[in-house]
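Student: Next comes the structure file input.txt, holding compact mmCIF, C-alpha atoms.
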# COMPACT_ATOMS: atom_id res chain seq x y z
CA MET A 14 -14.50 -30.70 44.12
CA SER A 15 -16.89 -32.75 42.06
CA ASN A 16 -15.73 -34.82 39.12
CA ARG A 17 -17.68 -32.50 36.86
CA LYS A 18 -15.87 -29.41 38.21
CA ASN A 19 -12.54 -31.20 37.90
CA ALA A 20 -13.29 -32.00 34.28
CA VAL A 21 -14.16 -28.36 33.58
CA CYS A 22 -10.91 -27.17 35.20
CA VAL A 23 -8.80 -29.65 33.30
CA GLY A 24 -10.57 -28.72 30.08
CA ALA A 25 -9.99 -25.01 30.64
CA ALA A 26 -6.31 -25.65 31.43
CA LEU A 27 -5.92 -27.64 28.22
CA VAL A 28 -7.52 -24.84 26.19
CA ILE A 29 -5.14 -22.26 27.72
CA LEU A 30 -2.17 -24.56 27.15
CA SER A 31 -3.13 -25.18 23.55
CA VAL A 32 -3.49 -21.42 22.91
CA LEU A 33 -0.06 -20.80 24.43
CA LEU A 34 1.48 -23.55 22.37
CA ALA A 35 -0.16 -22.34 19.19
CA SER A 36 1.12 -18.82 19.73
CA GLY A 37 4.50 -19.78 21.13
CA ALA A 38 4.31 -17.77 24.37
CA PRO A 39 3.43 -14.22 25.32
CA ALA A 40 5.59 -12.01 23.17
CA GLN A 41 7.00 -10.00 26.04
CA ASP A 42 8.82 -13.14 27.12
CA TYR A 43 11.02 -13.21 24.05
CA ARG A 44 14.36 -11.52 24.26
CA ASN A 45 14.36 -10.55 20.60
CA SER A 46 12.56 -11.04 17.31
CA THR A 47 14.65 -14.05 16.29
CA GLU A 48 13.79 -15.93 19.45
CA HIS A 49 10.13 -15.04 18.92
CA PHE A 50 10.10 -16.18 15.29
CA GLU A 51 11.92 -19.42 16.04
CA ALA A 52 9.46 -20.21 18.83
CA LEU A 53 6.54 -19.71 16.47
CA LYS A 54 8.21 -21.90 13.89
CA ARG A 55 8.78 -24.67 16.41
CA ALA A 56 5.15 -24.40 17.53
CA ALA A 57 4.10 -24.82 13.89
CA ASN A 58 6.38 -27.85 13.52
CA GLY A 59 8.57 -25.95 11.10
CA GLY A 60 5.64 -24.63 9.06
CA THR A 61 3.82 -26.19 6.16
CA LYS A 62 5.21 -26.26 2.63
CA LEU A 63 2.19 -25.29 0.57
CA THR A 64 1.66 -26.17 -3.05
CA PHE A 65 -0.19 -23.84 -5.42
CA ASP A 66 -3.49 -25.64 -4.88
CA LYS A 67 -3.19 -25.36 -1.09
CA LEU A 68 -2.27 -21.68 -0.84
CA PRO A 69 -4.92 -19.34 0.55
CA ASP A 70 -6.69 -17.09 -1.94
CA TRP A 71 -5.58 -13.53 -1.28
CA THR A 72 -6.21 -12.35 -4.84
CA GLY A 73 -7.72 -8.95 -5.43
CA VAL A 74 -6.86 -5.33 -4.79
CA TRP A 75 -6.58 -4.21 -1.18
CA THR A 76 -5.94 -1.04 0.75
CA ARG A 77 -5.43 -0.05 4.37
CA ALA A 78 -8.74 -0.30 6.20
CA PRO A 79 -10.48 2.96 7.11
CA GLY A 80 -9.58 4.52 10.43
CA GLY A 81 -5.81 4.19 10.27
CA GLY A 82 -4.92 7.45 8.56
CA LEU A 83 -1.44 8.50 9.56
CA LYS A 84 -1.69 6.58 12.84
CA PHE A 85 0.77 3.70 12.84
CA ASP A 86 -1.38 1.83 15.32
CA PRO A 87 -5.00 2.06 14.18
CA ALA A 88 -6.00 1.47 17.81
CA GLN A 89 -4.26 4.57 19.12
CA PRO A 90 -6.76 7.22 20.23
CA SER A 91 -5.38 10.03 18.07
CA LEU A 92 -2.53 10.93 15.78
CA GLN A 93 -0.86 12.61 18.73
CA GLN A 94 -1.08 9.63 21.08
CA THR A 95 1.13 6.70 20.30
CA THR A 96 0.65 3.30 21.87
CA ALA A 97 4.39 2.66 21.66
CA GLN A 98 6.21 2.65 24.98
CA LEU A 99 9.10 4.86 23.99
CA ARG A 100 12.36 5.33 25.79
CA PRO A 101 12.77 8.89 27.13
CA GLU A 102 15.02 10.08 24.31
CA PHE A 103 12.56 8.93 21.64
CA ALA A 104 9.52 10.15 23.58
CA GLY A 105 11.18 13.56 23.74
CA LYS A 106 11.91 13.56 20.00
CA HIS A 107 8.34 12.57 19.27
CA LYS A 108 6.93 15.34 21.48
CA GLU A 109 9.15 17.87 19.74
CA LYS A 110 8.07 16.57 16.34
CA LEU A 111 4.39 17.00 17.22
CA GLU A 112 4.99 20.51 18.52
CA ARG A 113 6.68 21.46 15.26
CA VAL A 114 3.89 19.91 13.18
CA ALA A 115 1.37 21.98 15.13
CA GLN A 116 3.32 25.04 13.96
CA GLY A 117 3.22 23.89 10.35
CA ILE A 118 6.87 22.78 10.41
CA GLU A 119 7.23 19.28 9.01
CA TRP A 120 9.44 17.48 6.55
CA ASP A 121 8.88 13.94 5.36
CA PRO A 122 11.93 12.20 3.87
CA ILE A 123 9.76 10.52 1.25
CA SER A 124 9.06 13.99 -0.18
CA ASN A 125 12.21 13.38 -2.21
CA CYS A 126 10.66 10.22 -3.66
CA ILE A 127 12.59 7.70 -1.62
CA PRO A 128 10.50 4.69 -0.54
CA PRO A 129 8.74 4.81 2.82
CA GLY A 130 10.61 1.72 4.01
CA TYR A 131 9.29 -0.99 6.28
CA PRO A 132 7.64 -1.02 8.87
CA ARG A 133 6.18 2.32 7.73
CA TRP A 134 5.26 0.42 4.54
CA LEU A 135 2.40 -1.13 6.51
CA THR A 136 0.58 2.19 6.76
CA GLU A 137 0.82 3.77 3.31
CA PRO A 138 -2.70 4.48 2.10
CA PHE A 139 -2.60 3.11 -1.43
CA LEU A 140 -3.51 0.02 -3.40
CA ARG A 141 -2.00 -3.32 -2.46
CA GLU A 142 -1.76 -6.77 -3.94
CA PHE A 143 -0.60 -9.93 -2.20
CA VAL A 144 0.81 -12.54 -4.55
CA LEU A 145 1.24 -15.95 -2.95
CA ARG A 146 3.49 -18.63 -4.38
CA PRO A 147 4.78 -21.78 -2.70
CA GLU A 148 8.34 -20.49 -2.43
CA GLN A 149 7.68 -16.81 -1.74
CA ALA A 150 5.01 -14.20 -1.10
CA LEU A 151 5.12 -10.81 -2.80
CA LEU A 152 3.47 -8.10 -0.73
CA ILE A 153 3.05 -5.20 -3.10
CA ASN A 154 2.26 -1.59 -2.33
CA GLU A 155 1.35 0.53 -5.36
CA MET A 156 3.31 3.49 -4.00
CA VAL A 157 6.68 3.66 -5.78
CA ASN A 158 6.02 0.07 -6.98
CA ASP A 159 7.16 -1.10 -3.58
CA ILE A 160 7.50 -4.87 -3.08
CA ARG A 161 8.26 -6.86 0.04
CA ARG A 162 9.54 -10.30 -0.89
CA ILE A 163 8.96 -12.97 1.75
CA TYR A 164 10.85 -16.20 1.13
CA THR A 165 8.88 -19.24 2.29
CA ASP A 166 11.14 -21.89 0.76
CA GLY A 167 12.91 -22.64 4.02
CA ARG A 168 15.97 -20.49 3.49
CA GLU A 169 17.53 -18.55 6.34
CA HIS A 170 18.19 -14.81 6.46
CA THR A 171 21.01 -13.40 4.37
CA PRO A 172 24.27 -14.25 6.18
CA GLU A 173 25.72 -11.47 8.27
CA ASP A 174 28.76 -11.01 6.05
CA GLU A 175 26.46 -10.42 3.05
CA ALA A 176 23.91 -8.26 4.84
CA TYR A 177 23.41 -4.53 4.46
CA PRO A 178 20.53 -2.18 5.37
CA LEU A 179 17.50 -2.47 3.10
CA TRP A 180 14.39 -0.32 2.70
CA ASN A 181 12.10 -3.28 3.29
CA GLY A 182 14.60 -5.50 5.06
CA ASP A 183 15.31 -9.18 4.61
CA SER A 184 12.21 -11.31 5.14
CA ILE A 185 11.73 -15.03 5.59
CA GLY A 186 8.55 -16.80 6.56
CA PHE A 187 6.52 -19.95 6.82
CA TRP A 188 2.90 -21.01 6.59
CA ASP A 189 1.17 -21.96 9.82
CA ALA A 190 -2.15 -23.34 8.55
CA ASP A 191 -3.66 -20.34 6.70
CA SER A 192 -1.39 -17.77 8.40
CA LEU A 193 1.79 -16.41 6.93
CA VAL A 194 4.37 -15.80 9.66
CA ILE A 195 7.18 -13.42 8.71
CA HIS A 196 10.48 -12.39 10.26
CA THR A 197 12.09 -9.21 8.96
CA THR A 198 15.57 -7.94 9.77
CA GLN A 199 18.30 -5.77 8.15
CA LEU A 200 16.23 -2.60 8.01
CA MET A 201 17.00 1.09 7.88
CA GLY A 202 15.93 3.60 10.51
CA GLY A 203 12.97 5.85 9.81
CA GLN A 204 9.63 7.03 11.14
CA TYR A 205 6.51 4.93 11.53
CA GLN A 206 4.57 7.59 9.66
CA ARG A 207 4.34 11.36 9.71
CA SER A 208 3.62 12.63 13.23
CA GLN A 209 4.55 9.19 14.52
CA PRO A 210 7.68 8.15 16.46
CA ASP A 211 11.00 7.23 14.90
CA TYR A 212 12.61 3.79 14.79
CA THR A 213 16.24 2.88 14.51
CA ASP A 214 18.17 0.65 12.13
CA GLN A 215 17.97 -2.07 14.77
CA VAL A 216 14.24 -2.47 14.23
CA GLU A 217 13.06 -6.02 13.53
CA THR A 218 9.57 -7.48 13.33
CA VAL A 219 7.56 -10.67 13.57
CA GLU A 220 4.25 -10.66 11.68
CA ARG A 221 1.32 -13.00 11.32
CA TRP A 222 -0.82 -12.34 8.24
CA ARG A 223 -4.15 -14.04 7.63
CA LYS A 224 -7.32 -13.51 5.69
CA VAL A 225 -10.11 -12.92 8.18
CA ASP A 226 -12.90 -12.99 5.64
CA ASP A 227 -13.38 -12.33 1.96
CA ASN A 228 -13.01 -8.57 2.47
CA LEU A 229 -10.40 -8.32 5.20
CA ILE A 230 -6.75 -9.30 5.60
CA GLU A 231 -5.15 -8.74 8.97
CA ALA A 232 -1.50 -8.46 9.96
CA GLU A 233 -0.56 -8.73 13.61
CA VAL A 234 2.85 -7.15 13.99
CA MET A 235 5.30 -7.26 16.87
CA ILE A 236 8.01 -4.65 16.60
CA TYR A 237 11.36 -5.03 18.33
CA ASP A 238 13.57 -1.96 18.49
CA PRO A 239 15.42 -1.95 21.83
CA PRO A 240 17.06 1.47 21.39
CA SER A 241 13.70 3.22 21.02
CA LEU A 242 11.14 0.92 22.66
CA VAL A 243 10.89 -0.02 26.33
CA LYS A 244 9.16 -3.22 25.25
CA PRO A 245 8.10 -4.74 21.93
CA TRP A 246 5.20 -2.89 20.30
CA ARG A 247 2.23 -4.93 19.12
CA VAL A 248 -0.05 -3.44 16.49
CA VAL A 249 -2.73 -4.92 14.26
CA GLN A 250 -2.93 -3.63 10.70
CA ARG A 251 -5.99 -4.32 8.53
CA TYR A 252 -6.44 -4.21 4.79
CA SER A 253 -9.83 -4.03 3.08
CA ARG A 254 -10.75 -5.31 -0.34
CA VAL A 255 -11.14 -2.51 -2.89
CA THR A 256 -14.36 -3.02 -4.79
CA THR A 257 -14.26 -0.01 -7.13
CA PRO A 258 -15.27 -1.30 -10.58
CA GLY A 259 -12.39 -1.11 -13.02
CA ILE A 260 -9.69 -0.57 -10.39
CA ARG A 261 -6.18 -1.60 -11.46
CA ILE A 262 -2.74 -1.21 -9.97
CA ARG A 263 -0.57 0.76 -12.35
CA SER A 264 3.04 1.81 -12.49
CA TRP A 265 3.85 4.58 -10.00
CA VAL A 266 6.52 7.07 -11.04
CA CYS A 267 7.21 9.55 -8.28
CA GLU A 268 9.07 12.09 -10.41
CA GLU A 269 6.60 12.47 -13.24
CA ASN A 270 5.25 15.89 -12.26
CA ALA A 271 7.53 18.75 -11.22
CA ASN A 272 4.60 20.39 -9.44
CA ASN A 273 5.11 17.73 -6.81
CA GLU A 274 8.66 18.80 -6.13
CA VAL A 275 9.11 20.20 -2.64
CA ILE A 276 12.12 21.54 -0.77
CA GLN A 277 12.99 21.64 2.89
CA THR A 278 13.29 25.17 4.27
CA LYS A 279 15.99 26.19 6.74
CA GLU A 280 13.55 25.86 9.62
CA GLY A 281 12.57 22.37 8.47
CA ALA A 282 9.23 23.08 6.82
CA THR A 283 8.06 21.79 3.45
CA GLU A 284 7.74 24.20 0.56
CA HIS A 285 6.48 23.60 -2.97
CA VAL A 286 8.64 24.69 -5.87
CA LEU A 287 5.45 24.92 -7.95
CA PRO A 288 6.60 25.72 -11.49
CA GLY A 289 3.00 25.77 -12.72
CA PRO A 290 0.78 24.01 -15.24
CA GLY A 291 2.50 21.74 -17.75
CA ALA A 292 5.75 21.55 -15.79
CA GLY A 293 6.53 18.01 -16.88
CA PRO A 294 8.73 15.54 -14.99
CA ILE A 295 11.19 16.44 -12.26
CA MET A 296 14.68 16.47 -13.71
CA LYS A 297 16.97 17.67 -10.98
CA ASN A 298 20.09 17.27 -13.08
CA LYS A 299 18.86 19.20 -16.07
CA ALA A 300 21.48 21.63 -17.23
CA ASP A 301 19.05 24.53 -17.23
CA LYS A 302 18.07 24.10 -13.59
CA MET B 29 -8.53 40.40 -2.02
CA THR B 30 -11.51 41.33 -4.19
CA ARG B 31 -12.07 39.41 -7.36
CA GLN B 32 -15.45 39.26 -9.07
CA SER B 33 -14.78 35.84 -10.42
CA ILE B 34 -13.52 34.56 -7.13
CA MET B 35 -15.85 33.48 -4.43
CA ARG B 36 -13.28 33.56 -1.76
CA ILE B 37 -14.56 32.47 1.54
CA ALA B 38 -12.14 32.77 4.38
CA VAL B 39 -13.65 30.24 6.64
CA ALA B 40 -12.66 29.81 10.21
CA ALA B 41 -13.41 26.48 11.75
CA GLY B 42 -17.12 26.09 11.89
CA VAL B 43 -18.52 26.98 8.48
CA LEU B 44 -17.06 23.83 7.06
CA ALA B 45 -16.79 22.14 10.38
CA GLY B 46 -14.82 18.98 10.57
CA LEU B 47 -12.44 19.70 7.73
CA GLY B 48 -8.75 19.59 8.62
CA VAL B 49 -5.58 19.52 6.62
CA PRO B 50 -5.81 16.68 4.15
CA ALA B 51 -3.40 13.85 4.65
CA SER B 52 -0.93 13.89 1.82
CA ALA B 53 0.73 10.91 0.23
CA HIS B 54 4.21 12.06 -0.35
CA HIS B 55 4.84 15.24 1.56
CA SER B 56 3.60 16.97 4.64
CA GLY B 57 0.31 18.82 4.28
CA ALA B 58 1.47 21.45 6.74
CA MET B 59 1.89 24.07 3.99
CA PHE B 60 -1.89 24.23 3.64
CA ASP B 61 -3.89 26.29 6.10
CA PRO B 62 -6.31 24.05 8.02
CA GLU B 63 -8.32 27.07 9.16
CA LYS B 64 -9.16 28.45 5.72
CA THR B 65 -11.14 27.33 2.75
CA ILE B 66 -11.25 28.99 -0.65
CA THR B 67 -13.76 28.49 -3.42
CA LEU B 68 -12.81 29.76 -6.86
CA LYS B 69 -14.59 29.86 -10.19
CA GLY B 70 -12.42 29.36 -13.21
CA VAL B 71 -11.71 27.53 -16.43
CA VAL B 72 -9.72 24.30 -16.52
CA LYS B 73 -6.28 24.85 -17.98
CA GLU B 74 -4.82 21.43 -17.29
CA PHE B 75 -5.64 18.36 -15.26
CA GLU B 76 -2.38 16.63 -14.38
CA TYR B 77 -3.49 13.10 -13.45
CA THR B 78 -0.13 12.08 -11.99
CA ASN B 79 1.62 10.42 -9.07
CA PRO B 80 2.20 10.98 -6.27
CA HIS B 81 -0.17 13.95 -6.56
CA SER B 82 -2.54 15.15 -9.20
CA TRP B 83 -2.94 18.84 -9.96
CA LEU B 84 -5.96 20.63 -11.33
CA TRP B 85 -4.98 23.98 -12.81
CA ILE B 86 -7.71 26.53 -13.43
CA THR B 87 -7.43 30.01 -14.85
CA VAL B 88 -9.21 32.59 -12.73
CA THR B 89 -10.06 36.05 -14.06
CA ASN B 90 -9.35 38.78 -11.55
CA ASP B 91 -11.26 42.03 -11.07
CA ASP B 92 -8.72 43.94 -13.12
CA LYS B 93 -9.20 41.46 -16.02
CA THR B 94 -5.79 39.91 -15.44
CA THR B 95 -5.73 36.17 -14.93
CA THR B 96 -4.14 33.89 -12.37
CA ASP B 97 -3.51 30.18 -12.71
CA TRP B 98 -4.52 28.43 -9.49
CA GLY B 99 -3.33 24.92 -8.72
CA PHE B 100 -5.29 22.40 -6.62
CA GLU B 101 -3.38 19.41 -5.36
CA ALA B 102 -4.98 16.01 -4.85
CA GLU B 103 -3.78 12.46 -4.41
CA GLY B 104 -2.66 10.33 -7.34
CA PRO B 105 -4.77 8.66 -10.02
CA SER B 106 -5.78 5.53 -8.12
CA THR B 107 -7.15 7.52 -5.18
CA LEU B 108 -9.00 9.87 -7.53
CA PHE B 109 -10.36 6.90 -9.46
CA ARG B 110 -11.66 5.34 -6.26
CA ASN B 111 -13.39 8.64 -5.55
CA GLY B 112 -15.01 8.53 -8.96
CA VAL B 113 -12.80 11.17 -10.60
CA LYS B 114 -11.40 10.21 -13.99
CA LYS B 115 -8.90 12.03 -16.13
CA SER B 116 -11.64 12.64 -18.70
CA ASP B 117 -13.88 14.39 -16.17
CA LEU B 118 -12.00 17.68 -16.40
CA LYS B 119 -10.97 18.91 -19.82
CA PRO B 120 -9.28 22.17 -20.78
CA GLY B 121 -11.96 24.82 -21.23
CA ASP B 122 -14.42 23.30 -18.73
CA LYS B 123 -15.92 25.81 -16.33
CA VAL B 124 -15.60 24.70 -12.70
CA THR B 125 -15.96 25.90 -9.16
CA VAL B 126 -13.19 24.45 -7.02
CA THR B 127 -12.81 24.34 -3.24
CA GLY B 128 -9.63 23.73 -1.29
CA ARG B 129 -7.41 24.59 1.64
CA PRO B 130 -5.11 27.45 0.52
CA MET B 131 -1.37 27.56 1.01
CA ARG B 132 -0.19 29.39 4.10
CA ASP B 133 2.34 31.43 2.11
CA GLY B 134 -0.29 33.07 -0.10
CA ARG B 135 0.75 31.52 -3.38
CA PRO B 136 -2.13 30.59 -5.71
CA ALA B 137 -2.45 26.93 -4.79
CA ALA B 138 -4.50 24.81 -2.43
CA ALA B 139 -5.17 21.29 -1.24
CA TRP B 140 -8.06 20.25 -3.42
CA ILE B 141 -11.29 19.21 -1.70
CA ASN B 142 -13.91 19.18 -4.45
CA ALA B 143 -14.95 20.63 -7.79
CA VAL B 144 -18.40 21.44 -9.11
CA LYS B 145 -18.84 21.23 -12.85
CA GLU B 146 -21.08 23.54 -14.88
CA ASP B 147 -23.78 20.84 -15.02
CA GLY B 148 -23.79 20.64 -11.21
CA ARG B 149 -21.88 17.39 -10.91
CA VAL B 150 -19.72 17.36 -7.80
CA LEU B 151 -16.31 15.71 -7.96
CA GLN B 152 -15.46 14.91 -4.35
CA VAL B 153 -11.73 14.53 -4.38
CA ARG B 154 -11.13 13.96 -0.71
CA THR B 155 -12.85 12.90 2.39
CA LEU B 156 -11.11 15.02 4.92
CA PRO B 157 -9.87 13.78 8.27
CA PRO B 158 -11.08 15.26 11.54
CA PRO B 159 -9.72 18.70 12.41
CA VAL B 160 -6.14 18.95 13.59
CA THR B 161 -6.11 19.09 17.34
CA THR B 162 -3.49 20.45 19.62
CA ALA B 163 -4.32 18.16 22.47
CA PRO B 164 -1.51 17.65 24.94
CA VAL B 165 0.74 14.74 24.15
CA THR B 166 -0.04 11.99 26.56
CA PRO B 167 0.76 8.38 25.94
CA ALA B 168 -2.25 6.18 25.36
CA PRO B 169 -2.64 2.93 27.24
CA ALA B 170 -0.58 0.24 25.62
CA THR B 171 -2.42 -2.38 23.64
CA GLN B 172 -2.73 -5.76 25.18
CA PRO B 173 0.34 -7.87 24.55
CA GLY B 174 -0.35 -10.78 22.30
CA GLY B 175 1.44 -13.83 21.12
CA ILE B 176 1.08 -13.21 17.38
Once more with this new file: its structure as structure tokens, please.
Tutor:
Amino acid sequence: MSNRKNAVCVGAALVILSVLLASGAPAQDYRNSTEHFEALKRAANGGTKLTFDKLPDWTGVWTRAPGGGLKFDPAQPSLQQTTAQLRPEFAGKHKEKLERVAQGIEWDPISNCIPPGYPRWLTEPFLREFVLRPEQALLINEMVNDIRRIYTDGREHTPEDEAYPLWNGDSIGFWDADSLVIHTTQLMGGQYQRSQPDYTDQVETVERWRKVDDNLIEAEVMIYDPPSLVKPWRVVQRYSRVTTPGIRIRSWVCEENANNEVIQTKEGATEHVLPGPGAGPIMKNKADK
Amino acid sequence: MTRQSIMRIAVAAGVLAGLGVPASAHHSGAMFDPEKTITLKGVVKEFEYTNPHSWLWITVTNDDKTTTDWGFEAEGPSTLFRNGVKKSDLKPGDKVTVTGRPMRDGRPAAAWINAVKEDGRVLQVRTLPPPVTTAPVTPAPATQPGGI
């Protein structure tokens, strides 16, 4: 082999090695989300403590990029086809769910105004704002004023004896150049979205968020949920800048209109109560109800 | 159903091809019939610009001179605003022609698609997703594993 060819081979090997080092290692090699997150942190030399003047500019109003809809993975071919590799029990539950939806039988727990919970949070189709501070990042979804708080001040997760299940979990993170790397644990079980598979309360994630360009923020997400997934599930979520003149994020009160109150029928379908025009807020505990 | 003031068009897939059940923020949209579309003429009674859903209520005069209040459900204010629909666009007393997907159970309500005002202005409330399919459930190829 010529010296020139040798140089090319060595160069290519170095590029591959540097990519592997930068990304830790292929995610399927990690036994769990903690091992994955710690590897990324080591690869980033513990992460960078950013001051206000060094933080990326993620200001603005954002929303999920077109094409996602109710699909948890925007890359999945249709709402009915998940890219998750589900264990048989969860694949069966998902198939049954889709068959019931096709018959018009569907109930979404958030119909009662509970939050969607994370990781479903990633897919809700409303306005978002990402507030970056040196010690924490606030990832805000307009829907039910839903905030994920990511501590970037170097703290660890809440100790086990203080932990309890949370809608959006317990998140810590670090900055790797202009990427925010997040580890989330202590979550509740739920569904990735309507017509999408379920996840258990053992679900944990590793995310890498970065601003791709002035109009696009991308989150690469690796989901670990051993009871439901054969292997970790990688999805890429994208958020587009909202350019509507005058747009503002306002307070979101889920119970403000009783015409939005729905009940679950015996067969599991969703039915409006529908009191009619001028119904006012939902007040379930009103004496006259 | 025969109502002079109601242009009710029972539309099977095809006339308004490509329109499925609208995705709904807070509850399933399965109570709305994806195979039917109704268009009603009426007078605005109330425009509830609220979360998680907004409701446009119009009073429709039936053939027998009785009236029915019909409700059209949309997304909340920020989604309407992004679609160019403001609270002030629909005031009580305004004459409108409203199109939506009716409820399966026959009650006078629908998933709101659009409204046409007396001056011809169209308020497009939703861009509907592709039609609901009943394709067999087959797992898609997994995405390429990455390192994050």
Student: Between atom CA of Thr198 of chain A and atom CA of Phe143 of chain A, measure the distance and give it in Å to one decimal.
Tutor: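 So the answer is 20.2 Å.
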Student: Could you name the residues that touch Ile262 of chain A at 12 Å or less, counting all atoms listed in the file, but leaving out those on the same chain fewer than 6 positions away, as a ChimeraX atom specification?
Tutor: /A:73-76,139-143,153-159,255 /B:104-107,109-110
Student: Any chance you can output those residues with C-alpha atoms as a PDB file, in the frame of the given file?
Tutor:
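After the write, result23.pdb holds the following:
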ATOM      1  CA  GLY A  73      -7.720  -8.950  -5.430  1.00  0.00           C
ATOM      2  CA  VAL A  74      -6.860  -5.330  -4.790  1.00  0.00           C
ATOM      3  CA  TRP A  75      -6.580  -4.210  -1.180  1.00  0.00           C
ATOM      4  CA  THR A  76      -5.940  -1.040   0.750  1.00  0.00           C
ATOM      5  CA  PHE A 139      -2.600   3.110  -1.430  1.00  0.00           C
ATOM      6  CA  LEU A 140      -3.510   0.020  -3.400  1.00  0.00           C
ATOM      7  CA  ARG A 141      -2.000  -3.320  -2.460  1.00  0.00           C
ATOM      8  CA  GLU A 142      -1.760  -6.770  -3.940  1.00  0.00           C
ATOM      9  CA  PHE A 143      -0.600  -9.930  -2.200  1.00  0.00           C
ATOM     10  CA  ILE A 153       3.050  -5.200  -3.100  1.00  0.00           C
ATOM     11  CA  ASN A 154       2.260  -1.590  -2.330  1.00  0.00           C
ATOM     12  CA  GLU A 155       1.350   0.530  -5.360  1.00  0.00           C
ATOM     13  CA  MET A 156       3.310   3.490  -4.000  1.00  0.00           C
ATOM     14  CA  VAL A 157       6.680   3.660  -5.780  1.00  0.00           C
ATOM     15  CA  ASN A 158       6.020   0.070  -6.980  1.00  0.00           C
ATOM     16  CA  ASP A 159       7.160  -1.100  -3.580  1.00  0.00           C
ATOM     17  CA  VAL A 255     -11.140  -2.510  -2.890  1.00  0.00           C
TER      18      VAL A 255
ATOM     19  CA  GLY B 104      -2.660  10.330  -7.340  1.00  0.00           C
ATOM     20  CA  PRO B 105      -4.770   8.660 -10.020  1.00  0.00           C
ATOM     21  CA  SER B 106      -5.780   5.530  -8.120  1.00  0.00           C
ATOM     22  CA  THR B 107      -7.150   7.520  -5.180  1.00  0.00           C
ATOM     23  CA  PHE B 109     -10.360   6.900  -9.460  1.00  0.00           C
ATOM     24  CA  ARG B 110     -11.660   5.340  -6.260  1.00  0.00           C
TER      25      ARG B 110
END
Student: Hey, can you check how far atom CA of Gln250 of chain A sits from atom CA of Glu233 of chain A?
Tutor: 6.3 Å
Student: Near Pro69 of chain A, within 9 Å and counting all atoms listed in the file, which residues show up once chain neighbours fewer than 4 positions away are dropped, as a list of chain:residue names?
Tutor: A:Phe65, A:Leu145, A:Asp191, A:Ser192, A:Arg223, A:Lys224
Student: In terms of the shortest atom-to-atom distance over all atoms listed in the file, which of A:Pro240, A:Gly81, A:Gly60, A:Gly182 is closest to chain B?
Tutor: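 Of A:Pro240, A:Gly81, A:Gly60, A:Gly182, the one nearest chain B is A:Gly81, counting all atoms listed in the file.
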